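One file, work08.txt, carrying compact mmCIF, C-alpha atoms:
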# COMPACT_ATOMS: atom_id res chain seq x y z
CA MET A 1 57.90 135.60 94.72
CA LEU A 2 55.27 135.68 92.01
CA LEU A 3 53.08 138.36 93.57
CA ALA A 4 55.92 140.61 94.77
CA ARG A 5 56.19 142.05 91.27
CA GLY A 6 53.66 144.82 90.90
CA SER A 7 52.03 144.43 94.34
CA ARG A 8 51.12 147.78 95.84
CA ASP A 9 50.04 149.15 99.22
CA ARG A 10 46.75 151.01 99.90
CA LYS A 11 48.32 154.34 98.76
CA GLY A 12 49.42 152.74 95.48
CA ASP A 13 53.14 152.63 96.31
CA PRO A 14 55.03 149.45 95.30
CA LEU A 15 55.56 146.93 98.15
CA THR A 16 58.97 145.66 99.12
CA THR A 17 59.56 141.90 99.12
CA THR A 18 59.50 141.87 102.96
CA GLU A 19 56.18 143.78 103.06
CA THR A 20 54.68 141.32 100.56
CA GLU A 21 55.84 138.34 102.63
CA VAL A 22 54.39 139.85 105.83
CA GLY A 23 51.09 140.44 104.02
CA GLU A 24 51.00 136.88 102.69
CA ALA A 25 51.71 135.46 106.15
CA ARG A 26 48.84 137.51 107.60
CA PHE A 27 46.54 136.33 104.77
CA THR A 28 47.51 132.69 105.48
CA ALA A 29 46.75 133.22 109.19
CA LEU A 30 43.32 134.70 108.35
CA VAL A 31 42.46 131.72 106.12
CA ALA A 32 43.68 129.22 108.75
CA ALA A 33 41.57 130.90 111.47
CA SER A 34 38.55 130.90 109.12
CA TRP A 35 38.95 127.19 108.51
CA LYS A 36 39.07 126.48 112.26
CA ARG A 37 35.80 128.43 112.78
CA TYR A 38 34.18 126.74 109.78
CA ASN A 39 35.23 123.31 111.06
CA ALA A 40 33.62 123.95 114.47
CA TRP A 41 30.32 124.50 112.63
CA GLU A 42 30.89 121.35 110.54
CA TYR A 43 31.47 119.23 113.68
CA SER A 44 28.25 120.55 115.13
CA ARG A 45 26.27 119.90 111.96
CA ARG A 46 27.51 116.32 111.59
CA ALA A 47 27.32 115.08 115.20
CA ASP A 48 23.97 113.30 114.63
CA ASP A 49 25.36 111.53 111.52
CA VAL A 50 28.35 110.31 113.54
CA ALA A 51 25.96 108.97 116.22
CA LEU A 52 23.76 107.21 113.66
CA GLY A 53 26.77 105.49 112.08
CA ALA A 54 28.01 104.38 115.52
CA VAL A 55 24.60 102.83 116.27
CA ILE A 56 24.56 100.98 112.92
CA THR A 57 28.17 99.77 113.35
CA SER A 58 27.45 98.48 116.84
CA TYR A 59 24.25 96.58 115.99
CA VAL A 60 25.43 95.16 112.64
CA SER A 61 28.73 94.02 114.21
CA GLY A 62 26.60 92.41 116.96
CA GLY A 63 24.77 90.29 114.36
CA TRP A 64 21.65 92.42 113.76
CA ARG A 65 20.60 93.05 110.15
CA LEU A 66 19.86 96.59 108.96
CA ILE A 67 16.48 96.39 107.18
CA ASP A 68 15.51 100.05 106.87
CA LEU A 69 17.38 103.33 106.60
CA GLU A 70 15.81 106.73 105.99
CA SER A 71 17.46 110.11 106.35
CA ASP A 72 16.86 113.66 105.24
CA GLY A 73 20.04 114.99 106.87
CA THR A 74 18.59 115.96 110.27
CA SER A 75 15.92 113.30 110.87
CA HIS A 76 17.09 109.70 110.63
CA MET A 77 15.39 106.34 111.08
CA VAL A 78 16.99 102.89 111.18
CA ARG A 79 15.36 99.51 111.74
CA PHE A 80 17.19 96.29 112.59
CA GLN A 81 16.15 92.66 112.83
CA ALA A 82 17.82 90.21 115.20
CA GLY A 83 20.21 87.93 113.29
CA GLN A 84 18.90 84.68 114.76
CA GLY A 85 15.32 85.70 115.54
CA THR A 86 12.43 87.88 114.52
CA ASP A 87 12.71 90.69 117.12
CA ARG A 88 13.11 94.17 115.72
CA LEU A 89 14.63 97.41 116.93
CA LEU A 90 13.77 100.82 115.55
CA VAL A 91 15.78 103.95 116.31
CA ARG A 92 14.63 107.39 115.21
CA LEU A 93 17.13 110.19 115.75
CA VAL A 94 16.43 113.91 115.24
CA ALA A 95 19.13 116.56 115.68
CA LEU A 96 17.93 119.39 117.94
CA CYS A 97 21.09 121.54 118.09
CA GLU A 98 22.95 121.58 114.77
CA ASP A 99 23.68 125.29 115.23
CA PRO A 100 27.00 125.63 117.13
CA VAL A 101 25.63 128.44 119.37
CA ARG A 102 22.70 126.28 120.52
CA ALA A 103 25.04 123.29 120.85
CA LYS A 104 27.39 125.32 123.08
CA ALA A 105 24.52 126.52 125.25
CA LEU A 106 22.50 123.29 125.55
CA GLY A 107 24.84 120.50 124.36
CA ARG A 108 24.58 118.50 121.16
CA LEU A 109 21.06 117.36 121.90
CA VAL A 110 19.22 114.74 119.88
CA GLU A 111 15.71 113.43 120.28
CA VAL A 112 15.85 109.65 120.15
CA GLN A 113 12.91 107.28 119.84
CA VAL A 114 13.72 103.68 120.62
CA ALA A 115 11.13 101.08 119.63
CA TYR A 116 11.30 97.34 120.29
CA GLY A 117 9.15 95.09 118.10
CA LEU A 118 7.91 91.55 118.69
CA ARG A 119 6.14 89.45 116.09
CA ALA A 120 2.63 88.79 117.40
CA ASN A 121 1.16 85.31 117.16
CA ASP A 122 -2.47 86.36 117.09
CA PHE A 123 -4.46 89.02 115.32
CA SER A 124 -6.14 90.34 118.49
CA ALA A 125 -2.79 91.42 120.00
CA ILE A 126 -2.04 93.62 116.97
CA LYS A 127 -5.59 95.01 116.93
CA GLN A 128 -5.37 95.86 120.63
CA ALA A 129 -1.98 97.55 120.13
CA ILE A 130 -3.39 99.72 117.33
CA LYS A 131 -6.30 100.69 119.59
CA ASP A 132 -3.86 101.61 122.36
CA GLU A 133 -1.86 103.75 119.94
CA LEU A 134 -5.01 105.61 118.87
CA LYS A 135 -5.82 106.27 122.51
CA SER A 136 -2.30 107.46 123.34
CA ASN A 137 -2.43 109.91 120.41
CA MET A 138 -5.20 111.70 122.30
CA VAL A 139 -3.15 111.94 125.50
CA GLU A 140 -1.02 115.07 125.73
CA ASN A 141 1.94 113.63 127.65
CA ALA A 142 2.48 110.60 125.35
CA SER A 143 5.50 112.24 123.72
CA GLU A 144 7.23 113.15 126.98
CA PRO A 145 10.55 111.40 127.74
CA GLY A 146 10.16 107.96 129.28
CA VAL A 147 6.49 107.50 128.35
CA ILE A 148 6.09 104.10 126.67
CA THR A 149 3.47 103.74 123.95
CA VAL A 150 2.45 100.57 122.09
CA ASP A 151 1.62 100.35 118.38
CA GLY A 152 0.84 97.54 115.93
CA ASP A 153 1.85 97.03 112.31
CA MET A 154 -0.87 95.00 110.60
CA SER A 155 1.08 94.40 107.36
CA THR A 156 4.06 92.72 109.03
CA GLY A 157 2.37 91.38 112.18
CA TYR A 158 4.60 93.27 114.62
CA VAL A 159 3.75 95.04 117.87
CA TYR A 160 6.14 97.82 118.93
CA ALA A 161 6.76 99.49 122.27
CA THR A 162 8.30 102.95 121.86
CA VAL A 163 9.98 105.36 124.28
CA PRO A 164 11.26 108.90 123.54
CA LEU A 165 14.51 110.11 125.08
CA ILE A 166 16.62 113.25 124.79
CA LEU A 167 20.36 112.54 124.72
CA ASP A 168 23.42 114.82 124.71
CA LEU A 169 25.91 113.54 122.11
CA ASP A 170 28.75 115.24 124.03
CA ASP A 171 28.30 112.43 126.58
CA TYR A 172 29.18 109.88 123.90
CA PHE A 173 31.50 111.59 121.40
CA ASP A 174 34.45 113.96 121.43
CA GLY A 175 34.47 115.13 117.80
CA PHE A 176 34.66 111.84 115.90
CA THR A 177 36.11 109.89 118.83
CA VAL A 178 33.80 107.63 120.84
CA LYS A 179 33.90 108.44 124.58
CA ALA A 180 31.14 105.99 125.56
CA PRO A 181 29.10 103.71 123.27
CA ILE A 182 25.70 105.29 122.54
CA ALA A 183 24.42 101.85 121.39
CA GLY A 184 24.95 100.62 124.97
CA ASP A 185 22.41 103.13 126.30
CA LEU A 186 19.99 102.38 123.46
CA HIS A 187 20.32 98.69 124.29
CA VAL A 188 19.30 99.20 127.94
CA ALA A 189 16.25 101.14 126.70
CA ALA A 190 15.46 98.26 124.32
CA GLN A 191 15.81 95.72 127.15
CA SER A 192 13.28 97.61 129.26
CA LEU A 193 10.91 97.92 126.30
CA HIS A 194 11.24 94.18 125.62
CA LYS A 195 10.31 93.36 129.21
CA TYR A 196 7.34 95.75 129.15
CA LEU A 197 6.11 94.51 125.75
CA THR A 198 6.41 90.83 126.69
CA GLY A 199 4.31 91.54 129.78
CA ARG A 200 1.70 93.45 127.76
CA LEU A 201 1.38 90.70 125.12
CA ALA A 202 1.08 88.06 127.86
CA GLY A 203 -1.95 89.99 129.06
CA MET B 1 -3.80 82.45 108.52
CA LEU B 2 -2.08 85.39 110.22
CA LYS B 3 1.17 83.40 110.40
CA LEU B 4 0.94 82.58 106.68
CA LEU B 5 0.45 86.24 105.79
CA THR B 6 3.21 87.51 108.07
CA ASP B 7 5.63 84.82 106.81
CA PHE B 8 5.00 86.00 103.26
CA ALA B 9 5.46 89.64 104.32
CA ALA B 10 8.69 88.76 106.14
CA ARG B 11 10.17 87.04 103.05
CA SER B 12 9.19 89.98 100.88
CA GLU B 13 10.68 92.44 103.38
CA ALA B 14 13.94 90.48 103.58
CA ARG B 15 14.27 90.66 99.79
CA GLU B 16 13.37 94.34 99.60
CA SER B 17 15.76 95.26 102.41
CA ARG B 18 18.78 93.50 100.89
CA ASP B 19 20.34 96.83 99.85
CA GLU B 20 19.88 98.27 103.36
CA ALA B 21 21.57 95.17 104.78
CA VAL B 22 24.56 95.75 102.47
CA VAL B 23 24.70 99.43 103.47
CA GLY B 24 24.71 98.27 107.11
CA GLN B 25 27.65 95.95 106.39
CA ILE B 26 29.52 98.79 104.64
CA ILE B 27 28.96 101.24 107.54
CA ALA B 28 30.06 98.60 110.07
CA ALA B 29 33.22 97.78 108.05
CA MET B 30 34.10 101.48 107.80
CA GLY B 31 33.38 102.00 111.51
CA ARG B 32 35.70 99.13 112.48
CA ARG B 33 38.42 100.79 110.34
CA GLY B 34 37.95 104.08 112.25
CA PHE B 35 36.02 105.93 109.52
CA PRO B 36 32.88 107.47 111.14
CA THR B 37 29.79 108.42 109.14
CA ILE B 38 29.29 112.17 108.61
CA GLY B 39 26.41 112.27 106.13
CA PHE B 40 23.47 110.22 104.87
CA SER B 41 21.32 110.56 101.78
CA THR B 42 18.63 108.00 101.02
CA GLY B 43 17.38 109.55 97.80
CA LEU B 44 13.88 110.41 96.68
CA ALA B 45 10.77 108.37 97.51
CA GLU B 46 10.50 107.12 93.91
CA ASP B 47 14.16 106.06 93.94
CA SER B 48 14.18 103.96 97.12
CA GLY B 49 17.15 101.87 95.96
CA PHE B 50 19.59 104.82 96.21
CA GLN B 51 21.66 105.22 99.36
CA ALA B 52 24.75 107.37 99.86
CA VAL B 53 26.85 107.50 103.01
CA GLN B 54 29.74 109.87 103.58
CA PHE B 55 32.61 108.98 105.92
CA ALA B 56 35.33 111.06 107.56
CA THR B 57 38.83 109.58 107.32
CA PRO B 58 40.63 110.86 110.45
CA ALA B 59 43.13 107.98 110.36
CA ASP B 60 44.19 108.82 106.79
CA PRO B 61 46.53 111.82 106.31
CA VAL B 62 45.82 111.99 102.55
CA LEU B 63 42.03 111.75 102.25
CA HIS B 64 39.44 114.24 103.54
CA THR B 65 36.30 112.11 103.06
CA LEU B 66 35.06 108.94 101.41
CA THR B 67 31.55 108.57 99.98
CA VAL B 68 29.99 105.20 99.21
CA VAL B 69 26.90 105.10 97.00
CA LEU B 70 24.84 101.94 96.62
CA ASP B 71 22.19 102.15 93.92
CA ARG B 72 19.98 99.08 93.55
CA LYS B 73 19.03 98.29 89.96
CA THR B 74 17.24 94.91 90.10
CA GLY B 75 15.85 92.27 92.45
CA GLY B 76 13.02 94.12 94.22
CA GLY B 77 10.53 91.42 93.22
CA ALA B 78 10.77 87.65 93.80
CA ILE B 79 10.68 86.66 90.10
CA GLN B 80 13.15 89.34 89.05
CA GLU B 81 15.56 88.32 91.81
CA LYS B 82 15.31 84.67 90.78
CA ILE B 83 15.98 85.40 87.10
CA ILE B 84 18.55 88.22 87.05
CA GLY B 85 19.57 88.52 90.68
CA SER B 86 19.78 91.59 92.94
CA LYS B 87 22.20 93.84 91.10
CA ALA B 88 23.41 97.22 92.32
CA THR B 89 26.14 99.68 91.44
CA LEU B 90 28.64 100.38 94.19
CA ARG B 91 30.38 103.72 93.70
CA MET B 92 33.17 105.04 95.89
CA VAL B 93 34.28 108.68 95.78
CA ALA B 94 37.48 109.60 97.62
CA GLU B 95 38.17 113.28 98.29
CA VAL B 96 41.38 115.18 98.94
CA LYS B 97 41.03 118.73 100.25
CA ASN B 98 43.97 121.11 100.19
CA PHE B 99 43.96 123.74 102.93
CA ILE B 100 46.38 126.24 101.41
CA ALA B 101 46.48 130.04 101.27
CA ASP B 102 49.93 131.02 99.98
CA PRO B 103 49.36 132.81 96.63
CA ASP B 104 52.27 130.91 95.04
CA ASP B 105 50.76 127.54 96.05
CA LEU B 106 47.26 128.61 94.97
CA LEU B 107 48.57 129.66 91.57
CA ALA B 108 50.44 126.36 91.13
CA MET B 109 47.30 124.43 92.09
CA TRP B 110 45.16 126.45 89.66
CA ARG B 111 47.59 125.62 86.83
CA THR B 112 47.40 121.88 87.64
CA ASP B 113 43.61 122.08 87.86
CA ALA B 114 43.30 123.81 84.48
CA ARG B 115 45.58 121.25 82.87
CA ASN B 116 43.63 118.32 84.32
CA ILE B 117 40.23 119.76 83.41
CA LEU B 118 41.32 120.10 79.77
CA ARG B 119 42.67 116.55 79.72
CA MET B 120 39.64 114.92 81.46
CA PRO B 121 42.09 112.55 83.15
CA MET B 122 41.33 108.86 83.33
CA MET B 123 43.46 106.42 85.33
CA GLY B 124 42.21 103.03 84.32
CA GLN B 125 38.64 103.03 85.55
CA VAL B 126 39.29 105.77 88.11
CA ARG B 127 37.90 109.17 87.18
CA LEU B 128 39.61 112.24 88.60
CA ASP B 129 37.87 115.57 89.07
CA HIS B 130 39.22 118.92 90.29
CA GLN B 131 37.04 121.56 91.91
CA LEU B 132 39.01 124.50 93.37
CA ASN B 133 40.65 123.17 96.56
CA THR B 134 39.16 119.66 96.19
CA VAL B 135 40.26 116.70 94.08
CA THR B 136 38.05 113.62 93.88
CA ALA B 137 38.62 110.14 92.47
CA THR B 138 35.64 107.94 91.60
CA LYS B 139 35.27 104.28 90.73
CA GLN B 140 32.09 102.29 90.19
CA ILE B 141 31.56 98.52 90.12
CA LEU B 142 28.54 96.24 89.74
CA VAL B 143 27.75 93.96 92.70
CA GLU B 144 25.33 91.12 93.43
CA LEU B 145 23.64 92.08 96.71
CA THR B 146 23.03 88.48 97.83
CA GLU B 147 26.82 88.04 98.04
CA TYR B 148 27.25 90.99 100.43
CA ASP B 149 24.21 91.17 102.73
CA GLY B 150 24.79 88.48 105.37
CA PRO B 151 26.99 88.38 108.46
CA GLU B 152 29.00 85.64 106.71
CA ASP B 153 29.88 88.15 103.95
CA THR B 154 31.79 90.54 106.22
CA GLN B 155 35.17 89.58 104.77
CA ARG B 156 33.98 89.97 101.16
CA VAL B 157 32.54 93.43 101.96
CA GLU B 158 35.83 94.52 103.54
CA GLN B 159 37.95 93.14 100.67
CA THR B 160 35.83 94.98 98.08
CA LEU B 161 35.87 98.25 100.04
CA TRP B 162 39.61 98.24 100.76
CA ALA B 163 40.49 97.35 97.15
CA LEU B 164 38.49 100.37 95.92
CA TYR B 165 39.85 102.58 98.70
CA GLY B 166 43.47 101.63 97.93
CA GLU B 167 43.07 102.30 94.22
CA LEU B 168 41.43 105.70 94.73
CA ARG B 169 43.92 106.73 97.42
CA ASP B 170 46.88 105.88 95.15
CA ALA B 171 45.34 108.01 92.38
CA LEU B 172 44.89 110.99 94.73
CA THR B 173 48.14 110.93 96.73
CA PRO B 174 50.10 113.06 94.17
CA TYR B 175 47.51 115.85 94.55
CA LYS B 176 47.74 116.22 98.34
CA ARG B 177 49.60 119.40 99.41
CA ALA B 178 50.92 120.46 102.81
CA SER B 179 48.04 122.15 104.67
CA ILE B 180 47.98 125.28 106.83
CA VAL B 181 45.46 123.67 109.23
CA ASP B 182 44.81 120.11 110.38
CA ASP B 183 42.29 118.34 108.18
CA PRO B 184 39.15 118.27 110.36
CA MET B 185 37.93 115.02 108.77
Please rewrite the model in this file as C-alpha cells.
Amino acid sequence: MLLARGSRDRKGDPLTTTETEVGEARFTALVAASWKRYNAWEYSRRADDVALGAVITSYVSGGWRLIDLESDGTSHMVRFQAGQGTDRLLVRLVALCEDPVRAKALGRLVEVQVAYGLRANDFSAIKQAIKDELKSNMVENASEPGVITVDGDMSTGYVYATVPLILDLDDYFDGFTVKAPIAGDLHVAAQSLHKYLTGRLAG
Amino acid sequence: MLKLLTDFAARSEARESRDEAVVGQIIAAMGRRGFPTIGFSTGLAEDSGFQAVQFATPADPVLHTLTVVLDRKTGGGAIQEKIIGSKATLRMVAEVKNFIADPDDLLAMWRTDARNILRMPMMGQVRLDHQLNTVTATKQILVELTEYDGPEDTQRVEQTLWALYGELRDALTPYKRASIVDDPM
C-alpha cells in the first residue's frame, strides 16, 4: 500500500495497514456517493438536450431536412422543411426546470412552441398574417397554452401558425431512454396547425 | 413576381442551410445507434457556420461522451459554392472518464498523465489529451457538405462517423480503468 507508509490518524499516531484500508474504503464510498448526486444534477440539466436530439432524429429519419438550428444551452430552436414539399415545421424548446429540486417538484418541464409554415402564393396572405401577428401581440392571452397565432415571413414568403405548449419530459424519457416518442406529440400539434392554417389561407 | 422572389430566397436558404442539414443527418445517425444528444453549441452570431453537438454513449462501456463539431469554411454564396464547393471541417472528440478514488489508482493515473503530457502523444492523426480523470482523443477531417446533406447520403454519413468513432475508441481503450460507479453517460 503506497499510502500506508507514513499515514497518521487525527492525533498524529501512525495508522496500521488495516486502519488505512478502512479509511480508503470510506473515501471511495464518499466519492462514489458524490458522483451519484452529481449525475442526478447532470441528468436534470441535459433533459432538454436529449429531447431536442430525439425530435431531430425523428424528423430527419422521416425525410424532413433540418434547415436551422440555434441553441444557447437552455433555449433551442430547430426548423425543418418537408423532404418532398415546401411545408416547414419550427420547434422552439425552452427548459423550465433544469434545477433538480424544481424538476423533482414540478417535473422536467419544457416550454415548447410548435409552428407549422406554408408557402403563400399571394402577397396579401402574408401581409394579412403579419397584421394578425401585430394584433395578437397586443392581446394578453396570446402566449397561453393552446392559443394559435399566425405570422408571416416576407423574405421567404411563408405564413406560420404557432401554438405554445408546456410538456413534462418525464412523460417521454427515463434518463436517456425513450418511453414515448415526443416527436409523435409534436406531430399531432403540427397536424392541427396545418388544418387551421389551410383554413385561414383559404379565407 | 412574389413567386420569383420566394424561389430565389428558397434556393439561397437551401444553400445556406447545407451545414444544418448535415448536422441533422449526424444527429439522426447517432440517435439510431443509441447515442442521445446531451449538449448543443451553435457558436457566436458572427460564426454561424460553427455547430457542436455532444452525445452520451450509454451503449459503449469504454466511452463517456462523443462530441461532433462541424465548422463550415466555404460555400455560403452561390458563386463560391460553384467554384470551390461547400467545405467544412468535421471534428470528432471521444472522451473516456475514469471514476476512481483509490489513492493507489489515482497515483498510477497521475503518473501516466504526466508521462503523456510531456510526450504530447500522437497516434497517426489522432490527438490524445489528458485532463485529470478525463482522456480525450480527437480527429479532424475535411468534408464536402453537398456529399452529406441529402437523405440519399445517410449511408455515407454513417460510414464516416463510425470510421472516426472506431479509430478514436481504439486509441482510448487502453486508458479506461475499472470505475467505482456506473458511467452515467
Checklist line | Within 9 Å of Ala137 (chain B) using all atoms listed in the file, minus same-chain residues under 5 positions, as a VMD selection string | finding: chain B and resid 92 to 96 126 to 129 168 to 169 171 to 172
Just to be explicit: take each residue in the selection above, keep C-alpha atoms, and write the result as an mmCIF file, keeping the file's coordinate frame.
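Contents of result_6.cif, as written:
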data_model
loop_
_atom_site.group_PDB
_atom_site.id
_atom_site.type_symbol
_atom_site.label_atom_id
_atom_site.label_comp_id
_atom_site.auth_asym_id
_atom_site.auth_seq_id
_atom_site.Cartn_x
_atom_site.Cartn_y
_atom_site.Cartn_z
ATOM 1 C CA MET B 92 33.170 105.040 95.890
ATOM 2 C CA VAL B 93 34.280 108.680 95.780
ATOM 3 C CA ALA B 94 37.480 109.600 97.620
ATOM 4 C CA GLU B 95 38.170 113.280 98.290
ATOM 5 C CA VAL B 96 41.380 115.180 98.940
ATOM 6 C CA VAL B 126 39.290 105.770 88.110
ATOM 7 C CA ARG B 127 37.900 109.170 87.180
ATOM 8 C CA LEU B 128 39.610 112.240 88.600
ATOM 9 C CA ASP B 129 37.870 115.570 89.070
ATOM 10 C CA LEU B 168 41.430 105.700 94.730
ATOM 11 C CA ARG B 169 43.920 106.730 97.420
ATOM 12 C CA ALA B 171 45.340 108.010 92.380
ATOM 13 C CA LEU B 172 44.890 110.990 94.730
#
Notebook entry, point to check: With distances taken over all atoms listed in the file, which of B:Arg11, B:Thr42, B:Arg32, B:Ser17 is nearest to Ser58 (chain A)?
Noted result: B:Arg32
Notebook entry, point to check: For chain B, which residue out of A:Asp122, A:Asp9, A:Asp174, A:Asp153 is the nearest one, using all atoms listed in the file?
Noted result: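 Answer, going by the shortest atom-to-atom distance: A:Asp122.
Contacts from chain A to chain B at a cut-off of 7 Å (only C-alpha atoms) map to Leu2, Glu24, Thr28, Val31, Ala32, Asn39, Arg46, Asp49, Val50, Gly53, Ile56, Thr57, Val60, Ser61, Gly63, Arg65, Leu66, Ile67, Asp68, Leu69, Glu70, Ser71, Asp72, Gly73, Asp122, Phe123, Thr156, Gly157 and Phe176 of chain A.
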Notebook entry, point to check: What gap, in Å, lies between CA of Gln159 (chain B) and CA of Gly85 (chain B)?
Noted result: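 So the answer is 21.4 Å.
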With a distance cut-off of 9 Å and all atoms listed in the file, select the neighbouring residues of Leu201 (chain A), excluding the residue or stretch itself and same-chain residues fewer than 5 positions from it, and output the selection as a CSV table (one decimal) with C-alpha atoms, in the coordinates of the input.
chain,number,residue,atom,x,y,z
A,120,ALA,CA,2.6,88.8,117.4
A,125,ALA,CA,-2.8,91.4,120.0
A,159,VAL,CA,3.8,95.0,117.9
A,196,TYR,CA,7.3,95.8,129.2
Item checked: Point (4.9, 102.6, 122.4) neighbourhood (10 Å, all atoms listed in the file) written as a list in words ->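 Residues close enough to count: Gln113, Val114, Ala115, Tyr116, Gly117, Ala129, Asp132, Glu133, Ser136, Ala142, Ser143, Val147, Ile148, Thr149, Val150, Asp151, Gly152, Val159, Tyr160, Ala161, Thr162, Val163, Pro164, Leu193, Tyr196 and Leu197 of chain A.
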Check: Rounded to one decimal in Å, what is the spacing between CA of Tyr165 (chain B) and CA of Leu90 (chain B)?
Finding: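 About the pair CA of Tyr165 (chain B) and CA of Leu90 (chain B): they are 12.3 Å apart.
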Checklist line | Pick from B:Asn133, B:Pro61, B:Glu167, B:Leu66 nearest to Asp105 (chain B), counting all atoms listed in the file | finding: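 Answer, going by the shortest atom-to-atom distance: B:Asn133.
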Next item on the list: Can you work out which one of A:Asp168, A:Asn137, A:Gln128, A:Gly62 has the shortest atom-to-atom distance to Ala105 (chain A), counting only C-alpha atoms?
Entry: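 Looking only at the distances to Ala105 (chain A), the closest residue turns out to be A:Asp168.
Between CA of Arg92 (chain A) and CA of Ala180 (chain A) lies a distance of 19.5 Å.
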Item checked: For region 142-148 of chain B: contacts at 6 Å, all atoms listed in the file, fewer than 5 positions along chain excluded, given as a list in words -> Val22, Ser86, Lys87, Ala88, Thr89 and Asp153 of chain B
Could you write those residues out with C-alpha atoms, as a PDB file, in the frame of the given file?
ATOM      1  CA  VAL B  22      24.560  95.750 102.470  1.00  0.00           C
ATOM      2  CA  SER B  86      19.780  91.590  92.940  1.00  0.00           C
ATOM      3  CA  LYS B  87      22.200  93.840  91.100  1.00  0.00           C
ATOM      4  CA  ALA B  88      23.410  97.220  92.320  1.00  0.00           C
ATOM      5  CA  THR B  89      26.140  99.680  91.440  1.00  0.00           C
ATOM      6  CA  ASP B 153      29.880  88.150 103.950  1.00  0.00           C
TER       7      ASP B 153
END
Note to self: From the options B:Ser12, B:Thr67, B:Thr173, B:Gln131, which residue's atoms come nearest to Leu161 (chain B), counting only C-alpha atoms?
What the structure shows: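 Between B:Ser12, B:Thr67, B:Thr173, B:Gln131, the residue approaching Leu161 (chain B) most closely is B:Thr67.
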